[in-house]
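S.K.: Data file target_11.cif (mmCIF, C-alpha atoms) is appended below.
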```
data_upload
#
loop_
_atom_site.label_atom_id
_atom_site.label_comp_id
_atom_site.auth_asym_id
_atom_site.auth_seq_id
_atom_site.Cartn_x
_atom_site.Cartn_y
_atom_site.Cartn_z
CA MET G 1 115.61 29.25 75.11
CA SER G 2 112.39 28.79 77.02
CA GLU G 3 114.31 27.07 79.80
CA GLU G 4 116.67 30.00 80.04
CA GLN G 5 113.75 32.38 80.33
CA GLU G 6 112.41 30.39 83.22
CA ASN G 7 115.72 30.40 85.01
CA THR G 8 116.54 34.05 84.61
CA PRO G 9 114.16 35.40 87.25
CA LYS G 10 115.58 33.03 89.89
CA ASN G 11 119.25 33.52 89.19
CA ASN G 12 119.19 37.17 88.26
CA PRO G 13 116.12 38.72 89.82
CA ILE G 14 116.85 42.34 88.92
CA ASP G 15 117.06 41.96 85.17
CA LEU G 16 116.80 45.39 83.60
CA ASN G 17 116.83 44.07 80.02
CA LYS G 18 113.55 42.29 80.44
CA PRO G 19 110.73 44.13 78.65
CA GLU G 20 107.86 42.57 80.63
CA GLN G 21 109.00 43.87 84.00
CA PRO G 22 110.18 47.47 83.69
CA ALA G 23 112.02 48.43 86.91
CA ASN G 24 109.67 46.94 89.46
CA PRO G 25 111.50 46.53 92.81
CA PRO G 26 108.89 44.37 94.64
CA SER G 27 108.94 41.73 91.91
CA GLY G 28 112.73 41.68 92.15
CA PHE G 29 112.62 40.88 95.85
CA GLY G 30 110.08 38.13 95.36
CA PRO G 31 112.31 35.13 94.66
CA ILE G 32 114.75 35.91 97.51
CA THR G 33 112.35 35.00 100.31
CA PRO G 34 114.11 32.68 102.77
CA PRO G 35 112.98 29.07 103.08
CA PRO G 36 110.31 28.63 105.77
CA PHE G 37 112.43 26.81 108.34
CA GLN G 38 114.77 29.77 108.64
CA GLN G 39 112.01 32.07 109.74
CA GLN G 40 112.29 32.50 113.46
CA PRO G 41 109.07 32.66 115.43
CA PRO G 42 109.04 36.01 117.20
CA PHE G 43 107.43 34.95 120.46
CA GLY G 44 108.05 31.53 121.93
CA GLN G 45 105.26 31.66 124.47
CA PHE G 46 102.67 31.62 121.73
CA GLY G 47 104.09 28.47 120.24
CA GLY G 48 105.63 30.35 117.32
CA GLY G 49 103.99 31.42 114.15
CA MET G 50 103.71 29.68 110.78
CA GLY G 51 102.21 26.51 112.25
CA GLN G 52 105.39 25.63 114.13
CA GLN G 53 105.03 23.95 117.49
CA ASN G 54 107.24 23.84 120.51
CA LEU G 55 108.87 20.49 121.08
CA PRO G 56 106.71 18.61 123.60
CA ASN G 57 109.30 17.88 126.28
CA SER G 58 111.82 20.69 125.91
CA THR G 59 110.63 22.72 128.91
CA VAL G 60 110.33 19.66 131.14
CA ALA G 61 113.79 18.49 130.12
CA LEU G 62 115.32 21.88 130.87
CA VAL G 63 113.64 22.28 134.27
CA LEU G 64 114.39 18.71 135.35
CA GLY G 65 117.98 19.03 134.17
CA ILE G 66 118.50 22.09 136.34
CA LEU G 67 116.65 20.70 139.35
CA ALA G 68 118.79 17.56 139.12
CA LEU G 69 121.76 19.51 140.46
CA PRO G 70 120.33 20.43 143.88
CA ALA G 71 118.49 17.09 143.95
CA CYS G 72 121.72 15.15 143.57
CA CYS G 73 122.67 16.62 146.86
CA PHE G 74 119.61 15.85 148.94
CA TYR G 75 119.20 12.11 148.69
CA GLY G 76 121.73 11.00 146.13
CA VAL G 77 119.46 8.95 143.91
CA PHE G 78 117.05 11.75 142.98
CA GLY G 79 119.73 13.63 141.08
CA LEU G 80 120.49 10.52 139.07
CA ILE G 81 116.80 9.95 138.26
CA PHE G 82 116.14 13.60 137.35
CA GLY G 83 119.34 13.80 135.33
CA ILE G 84 118.64 10.65 133.34
CA VAL G 85 115.01 11.65 132.71
CA ALA G 86 116.11 15.11 131.49
CA TRP G 87 118.81 13.53 129.34
CA VAL G 88 116.41 11.05 127.73
CA LEU G 89 113.63 13.59 127.16
CA GLY G 90 116.07 16.16 125.78
CA ALA G 91 117.75 13.64 123.47
CA GLY G 92 114.37 12.42 122.24
CA ASP G 93 113.28 15.95 121.40
CA VAL G 94 116.57 16.76 119.68
CA LYS G 95 116.09 13.68 117.52
CA LYS G 96 112.51 14.67 116.78
CA TYR G 97 113.61 18.14 115.69
CA GLN G 98 116.37 16.80 113.46
CA LEU G 99 113.91 14.47 111.74
CA ASN G 100 111.51 17.29 111.04
CA PRO G 101 113.04 20.75 111.56
CA THR G 102 110.23 22.66 109.89
CA MET G 103 107.58 21.44 112.33
CA TYR G 104 109.10 22.77 115.54
CA THR G 105 110.38 26.09 116.78
CA GLU G 106 114.10 26.61 116.97
CA SER G 107 113.96 28.08 120.48
CA SER G 108 112.39 24.92 121.86
CA TYR G 109 115.09 22.93 120.07
CA LYS G 110 117.74 24.99 121.83
CA ASN G 111 115.95 24.45 125.16
CA ALA G 112 115.80 20.70 124.56
CA LYS G 113 119.51 20.65 123.75
CA ALA G 114 120.30 22.63 126.90
CA GLY G 115 118.12 20.26 128.94
CA LYS G 116 119.94 17.28 127.49
CA ILE G 117 123.35 18.71 128.36
CA CYS G 118 122.27 19.80 131.86
CA GLY G 119 120.88 16.31 132.42
CA MET G 120 124.14 14.80 131.25
CA ILE G 121 126.22 16.94 133.63
CA ALA G 122 123.87 16.24 136.54
CA THR G 123 123.94 12.51 135.79
CA ILE G 124 127.74 12.46 135.78
CA LEU G 125 127.91 14.45 139.02
CA SER G 126 125.32 12.21 140.71
CA ALA G 127 127.11 9.10 139.52
CA LEU G 128 130.37 10.39 141.00
CA THR G 129 128.56 11.17 144.26
CA ILE G 130 127.00 7.71 144.43
CA LEU G 131 130.34 6.11 143.59
CA PHE G 132 131.89 8.00 146.48
CA PHE G 133 129.04 6.96 148.77
CA VAL G 134 129.38 3.31 147.76
CA LEU G 135 133.11 3.39 148.34
CA ALA G 136 132.60 4.95 151.75
CA ILE G 137 129.89 2.45 152.69
CA VAL G 138 131.90 -0.54 151.49
CA GLY G 139 134.90 0.78 153.36
CA ALA G 140 132.85 1.25 156.52
CA ILE G 141 131.43 -2.27 156.33
CA THR G 142 134.61 -4.15 155.44
CA ASN G 143 137.09 -2.22 157.57
CA PRO G 144 135.19 -0.44 160.33
CA ARG G 145 138.31 0.26 162.38
CA ILE G 146 140.22 1.85 159.53
CA TYR G 147 137.12 3.81 158.59
CA ASP G 148 136.84 5.18 162.11
CA GLU G 149 140.48 6.17 162.03
CA ILE G 150 140.03 7.97 158.72
CA LEU G 151 136.95 9.68 160.10
CA ARG G 152 138.90 10.81 163.13
CA GLY G 153 141.66 12.03 160.84
CA LEU G 154 139.20 14.10 158.88
CA LYS G 155 137.92 15.86 161.98
CA MET W 1 106.48 41.55 161.22
CA ILE W 2 110.25 41.27 161.13
CA LEU W 3 110.25 39.46 164.45
CA GLN W 4 107.71 37.01 163.09
CA GLN W 5 109.87 36.39 160.06
CA LEU W 6 112.96 35.82 162.17
CA SER W 7 111.20 33.35 164.41
CA PHE W 8 109.96 31.52 161.32
CA LEU W 9 113.53 31.32 160.03
CA ASP W 10 114.70 30.01 163.38
CA TRP W 11 111.98 27.41 163.28
CA LEU W 12 113.08 26.52 159.74
CA ASN W 13 116.65 26.25 160.96
CA GLY W 14 115.60 23.59 163.44
CA HIS W 15 113.56 21.66 160.91
CA LEU W 16 115.94 21.02 158.05
CA PHE W 17 115.97 17.77 156.14
CA ALA W 18 118.70 15.69 157.69
CA CYS W 19 121.17 14.28 155.21
CA PRO W 20 120.80 10.48 155.52
CA PHE W 21 124.38 9.90 154.45
CA LYS W 22 125.72 12.27 157.05
CA SER W 23 123.58 10.88 159.83
CA TYR W 24 124.64 7.27 159.12
CA PHE W 25 128.26 7.67 158.07
CA GLY W 26 129.29 10.99 159.56
CA LEU W 27 130.48 12.48 156.28
CA ASP W 28 129.08 15.46 154.41
CA CYS W 29 127.59 14.78 151.00
CA PRO W 30 128.26 17.21 148.13
CA GLY W 31 124.98 18.97 148.85
CA CYS W 32 125.37 19.44 152.58
CA GLY W 33 125.13 23.10 153.48
CA LEU W 34 122.66 24.03 150.80
CA GLN W 35 119.75 24.44 153.19
CA ARG W 36 121.76 26.33 155.81
CA SER W 37 123.08 28.49 153.00
CA PHE W 38 119.58 29.18 151.74
CA ILE W 39 118.38 30.18 155.20
CA ALA W 40 121.38 32.48 155.58
CA LEU W 41 120.40 34.01 152.26
CA LEU W 42 116.82 34.51 153.48
CA LYS W 43 118.25 36.32 156.50
CA GLY W 44 120.19 38.51 154.09
CA ASP W 45 123.62 37.29 155.13
CA LEU W 46 125.41 36.82 151.84
CA SER W 47 128.85 35.99 153.23
CA ALA W 48 127.48 33.34 155.60
CA SER W 49 125.48 31.90 152.71
CA PHE W 50 128.63 31.71 150.63
CA LYS W 51 130.54 30.11 153.47
CA PHE W 52 127.93 27.38 153.99
CA TYR W 53 127.61 26.55 150.32
CA PRO W 54 129.29 28.66 147.60
CA ALA W 55 127.15 27.27 144.81
CA SER W 56 123.80 28.29 146.25
CA ILE W 57 123.73 31.92 145.03
CA PRO W 58 124.66 31.04 141.42
CA LEU W 59 122.25 28.11 141.57
CA ILE W 60 119.33 30.30 142.66
CA ALA W 61 120.27 32.89 140.04
CA LEU W 62 120.33 30.12 137.43
CA ILE W 63 116.88 28.85 138.45
CA ILE W 64 115.41 32.37 138.33
CA PHE W 65 117.03 33.03 134.97
CA THR W 66 115.67 29.75 133.61
CA LEU W 67 112.13 30.68 134.65
CA VAL W 68 112.50 34.13 133.05
CA HIS W 69 113.94 32.53 129.92
CA LEU W 70 111.07 30.06 129.66
CA LYS W 71 108.65 32.98 129.92
CA PHE W 72 110.33 35.46 127.58
CA ASP W 73 112.45 33.18 125.38
CA PHE W 74 115.78 34.97 125.03
CA LYS W 75 117.82 34.22 121.96
CA PHE W 76 120.99 33.52 123.95
CA GLY W 77 119.12 31.97 126.92
CA ALA W 78 119.70 28.28 126.27
CA ALA W 79 123.42 28.75 125.66
CA LEU W 80 123.79 30.87 128.79
CA ILE W 81 121.91 28.27 130.86
CA LYS W 82 124.21 25.53 129.59
CA ILE W 83 127.36 27.47 130.44
CA SER W 84 126.21 28.61 133.88
CA PHE W 85 124.91 25.13 134.72
CA PHE W 86 128.35 23.73 133.95
CA ALA W 87 129.92 26.47 136.07
CA VAL W 88 127.64 25.67 139.03
CA ALA W 89 128.45 21.95 138.71
CA VAL W 90 132.16 22.78 138.76
CA ILE W 91 131.67 24.98 141.85
CA VAL W 92 129.88 22.12 143.63
CA LEU W 93 132.69 19.72 142.76
CA ILE W 94 135.46 22.13 143.76
CA ASN W 95 133.66 22.93 147.01
CA TYR W 96 133.49 19.24 147.88
CA ILE W 97 137.13 18.59 147.06
CA TYR W 98 138.09 21.68 149.07
CA LYS W 99 136.12 20.32 152.03
CA ILE W 100 137.90 16.96 151.82
CA TYR W 101 141.33 18.55 151.70
CA ASN W 102 140.64 21.02 154.48
CA HIS W 103 139.14 18.48 156.87
CA GLN W 104 135.74 20.17 156.94
CA LEU W 105 133.86 17.08 155.84
CA THR W 106 132.68 16.15 159.30
CA ALA W 107 131.98 19.68 160.49
#
```
For the structure just supplied, provide its representation as structure tokens.

M.R.:
Amino acid sequence: MSEEQENTPKNNPIDLNKPEQPANPPSGFGPITPPPFQQQPPFGQFGGGMGQQNLPNSTVALVLGILALPACCFYGVFGLIFGIVAWVLGAGDVKKYQLNPTMYTESSYKNAKAGKICGMIATILSALTILFFVLAIVGAITNPRIYDEILRGLK
Amino acid sequence: MILQQLSFLDWLNGHLFACPFKSYFGLDCPGCGLQRSFIALLKGDLSASFKFYPASIPLIALIIFTLVHLKFDFKFGAALIKISFFAVAVIVLINYIYKIYNHQLTA
């Protein structure tokens, strides 16, 4: 009986038959407060409220992941480096958030995930570029005449 | 003022980073055209910018949006960045394949 009395306020918060709490709406809303990790911090730039922090590398991962795309074009290798760094940092932060979701803000988790995916795409694109370069270079070294002919054909 | 700006752009046009791959092997890399495209954009010539490098306008828009998102933290920002990044990557790839097929690689 005593156990049932303890459970009733949780399961049935608005219990009109209870004599101790006669029609008191604020007490009825009390038990339905959401768990703390579902509370979204309103402003990300302040690091979120409720003692939540931004993930340490989420911004860096996102920026590097995006910069990897134009970088893959300039000198080939930079895109690969940027992409892999963004991928690793993003993946590390995603893991950190999943280990301890209450500590970090959800927006920084989303940023870290986006950085990871951008890094992945940039890495794949850079790898394709470098593969193409290597094929062209190997072709030029092993068969210079055929390479010249292909080059003339492309013009 | 405008004349000064134009002469600066002309100077910039003559001092681009040369693509090492292109200078050694005579072939465009997937990023060739980005700088010319950017200069065309600074001159205000959108169609020329698109012709040099179709991905540059979406890429710049993506970078600006990312900075704004990092400042103001939109709810949908990260998802939008992911999608548009993928789109830009696809544009880069399609542009390169188009260049190969249309014999513009050595232009």

S.K.: Need to verify the contact set: W:Ala40, 12 Å, all atoms listed in the file, exclusion of same-chain residues closer than 3 positions in sequence. Can you return it as number ranges by chain?

M.R.: W: 6, 9-10, 12-13, 33-37, 43-54, 56-57

S.K.: Generate the output file for the selected residues, C-alpha atoms, as a compact mmCIF listing (two decimals), in the coordinates of the input.

M.R.:
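result_34.txt written:
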```txt
# COMPACT_ATOMS: atom_id res chain seq x y z
CA LEU W 6 112.96 35.82 162.17
CA LEU W 9 113.53 31.32 160.03
CA ASP W 10 114.70 30.01 163.38
CA LEU W 12 113.08 26.52 159.74
CA ASN W 13 116.65 26.25 160.96
CA GLY W 33 125.13 23.10 153.48
CA LEU W 34 122.66 24.03 150.80
CA GLN W 35 119.75 24.44 153.19
CA ARG W 36 121.76 26.33 155.81
CA SER W 37 123.08 28.49 153.00
CA LYS W 43 118.25 36.32 156.50
CA GLY W 44 120.19 38.51 154.09
CA ASP W 45 123.62 37.29 155.13
CA LEU W 46 125.41 36.82 151.84
CA SER W 47 128.85 35.99 153.23
CA ALA W 48 127.48 33.34 155.60
CA SER W 49 125.48 31.90 152.71
CA PHE W 50 128.63 31.71 150.63
CA LYS W 51 130.54 30.11 153.47
CA PHE W 52 127.93 27.38 153.99
CA TYR W 53 127.61 26.55 150.32
CA PRO W 54 129.29 28.66 147.60
CA SER W 56 123.80 28.29 146.25
CA ILE W 57 123.73 31.92 145.03
```

S.K.: In Å to one decimal, how far is atom CA of G:Gln52 from atom CA of G:Gly83?

M.R.: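 Atom-to-atom, atom CA of G:Gly83 and atom CA of G:Gln52 are spaced 28.0 Å apart.
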
S.K.: Going by the chain IDs and residue numbers used in this file, which residues fall under the PyMOL selection byres ((chain W) within 9 of (chain G))? Write them as a PDB file with C-alpha atoms, in the frame of the given file.

M.R.:
```pdb
ATOM      1  CA  PHE W  17     115.970  17.770 156.140  1.00  0.00           C
ATOM      2  CA  ALA W  18     118.700  15.690 157.690  1.00  0.00           C
ATOM      3  CA  CYS W  19     121.170  14.280 155.210  1.00  0.00           C
ATOM      4  CA  PRO W  20     120.800  10.480 155.520  1.00  0.00           C
ATOM      5  CA  PHE W  21     124.380   9.900 154.450  1.00  0.00           C
ATOM      6  CA  PHE W  25     128.260   7.670 158.070  1.00  0.00           C
ATOM      7  CA  GLY W  26     129.290  10.990 159.560  1.00  0.00           C
ATOM      8  CA  LEU W  27     130.480  12.480 156.280  1.00  0.00           C
ATOM      9  CA  CYS W  29     127.590  14.780 151.000  1.00  0.00           C
ATOM     10  CA  PRO W  30     128.260  17.210 148.130  1.00  0.00           C
ATOM     11  CA  GLY W  31     124.980  18.970 148.850  1.00  0.00           C
ATOM     12  CA  CYS W  32     125.370  19.440 152.580  1.00  0.00           C
ATOM     13  CA  LEU W  34     122.660  24.030 150.800  1.00  0.00           C
ATOM     14  CA  SER W  56     123.800  28.290 146.250  1.00  0.00           C
ATOM     15  CA  LEU W  59     122.250  28.110 141.570  1.00  0.00           C
ATOM     16  CA  LEU W  62     120.330  30.120 137.430  1.00  0.00           C
ATOM     17  CA  ILE W  63     116.880  28.850 138.450  1.00  0.00           C
ATOM     18  CA  THR W  66     115.670  29.750 133.610  1.00  0.00           C
ATOM     19  CA  LEU W  67     112.130  30.680 134.650  1.00  0.00           C
ATOM     20  CA  LEU W  70     111.070  30.060 129.660  1.00  0.00           C
ATOM     21  CA  LYS W  71     108.650  32.980 129.920  1.00  0.00           C
ATOM     22  CA  PHE W  72     110.330  35.460 127.580  1.00  0.00           C
ATOM     23  CA  ASP W  73     112.450  33.180 125.380  1.00  0.00           C
ATOM     24  CA  PHE W  74     115.780  34.970 125.030  1.00  0.00           C
ATOM     25  CA  LYS W  75     117.820  34.220 121.960  1.00  0.00           C
ATOM     26  CA  GLY W  77     119.120  31.970 126.920  1.00  0.00           C
ATOM     27  CA  ALA W  78     119.700  28.280 126.270  1.00  0.00           C
ATOM     28  CA  ALA W  79     123.420  28.750 125.660  1.00  0.00           C
ATOM     29  CA  ILE W  81     121.910  28.270 130.860  1.00  0.00           C
ATOM     30  CA  LYS W  82     124.210  25.530 129.590  1.00  0.00           C
ATOM     31  CA  PHE W  85     124.910  25.130 134.720  1.00  0.00           C
ATOM     32  CA  PHE W  86     128.350  23.730 133.950  1.00  0.00           C
ATOM     33  CA  VAL W  88     127.640  25.670 139.030  1.00  0.00           C
ATOM     34  CA  ALA W  89     128.450  21.950 138.710  1.00  0.00           C
ATOM     35  CA  LEU W  93     132.690  19.720 142.760  1.00  0.00           C
ATOM     36  CA  ILE W 100     137.900  16.960 151.820  1.00  0.00           C
ATOM     37  CA  TYR W 101     141.330  18.550 151.700  1.00  0.00           C
ATOM     38  CA  ASN W 102     140.640  21.020 154.480  1.00  0.00           C
ATOM     39  CA  HIS W 103     139.140  18.480 156.870  1.00  0.00           C
ATOM     40  CA  GLN W 104     135.740  20.170 156.940  1.00  0.00           C
ATOM     41  CA  LEU W 105     133.860  17.080 155.840  1.00  0.00           C
ATOM     42  CA  THR W 106     132.680  16.150 159.300  1.00  0.00           C
ATOM     43  CA  ALA W 107     131.980  19.680 160.490  1.00  0.00           C
TER      44      ALA W 107
END
```

S.K.: In Å, rounded to a single decimal, give me how far atom CA of G:Asn100 is from atom CA of G:Leu64.

M.R.: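 Distance between the two atoms: 24.5 Å.
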
S.K.: Return the single residue from G:Ile141, G:Leu55, G:Leu131, G:Met120 that is closest to G:Ile81, with distances computed using all atoms listed in the file.

M.R.: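 Of the candidates, the smallest distance to G:Ile81 is held by G:Met120.
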
S.K.: What is the atom CA of W:Asn95-atom CA of G:Val88 distance in Å, reported with one decimal?

M.R.: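 These two atoms are separated by 28.5 Å.
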
S.K.: Step by step: start from the point (107.2, 22.0, 113.7) in the file's coordinates, keep every protein, DNA or RNA residue that has an atom no farther than 7 Å from it, count only C-alpha atoms, and write the set as a ChimeraX atom specification.

M.R.: /G:51-53,100-105

S.K.: Select, from W:Pro58, W:Tyr98, W:Val68, W:Leu41, the residue with the minimum atom-to-atom distance to W:Ile83, counting only C-alpha atoms.

M.R.: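 Smallest separation from W:Ile83 among the options: W:Pro58.
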
S.K.: Using only C-alpha atoms, which residue out of W:Ile64, W:Ala55, W:His15, W:Tyr24 lies closest to W:Ile91?

M.R.: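 Closest to W:Ile91 of all the choices is W:Ala55.
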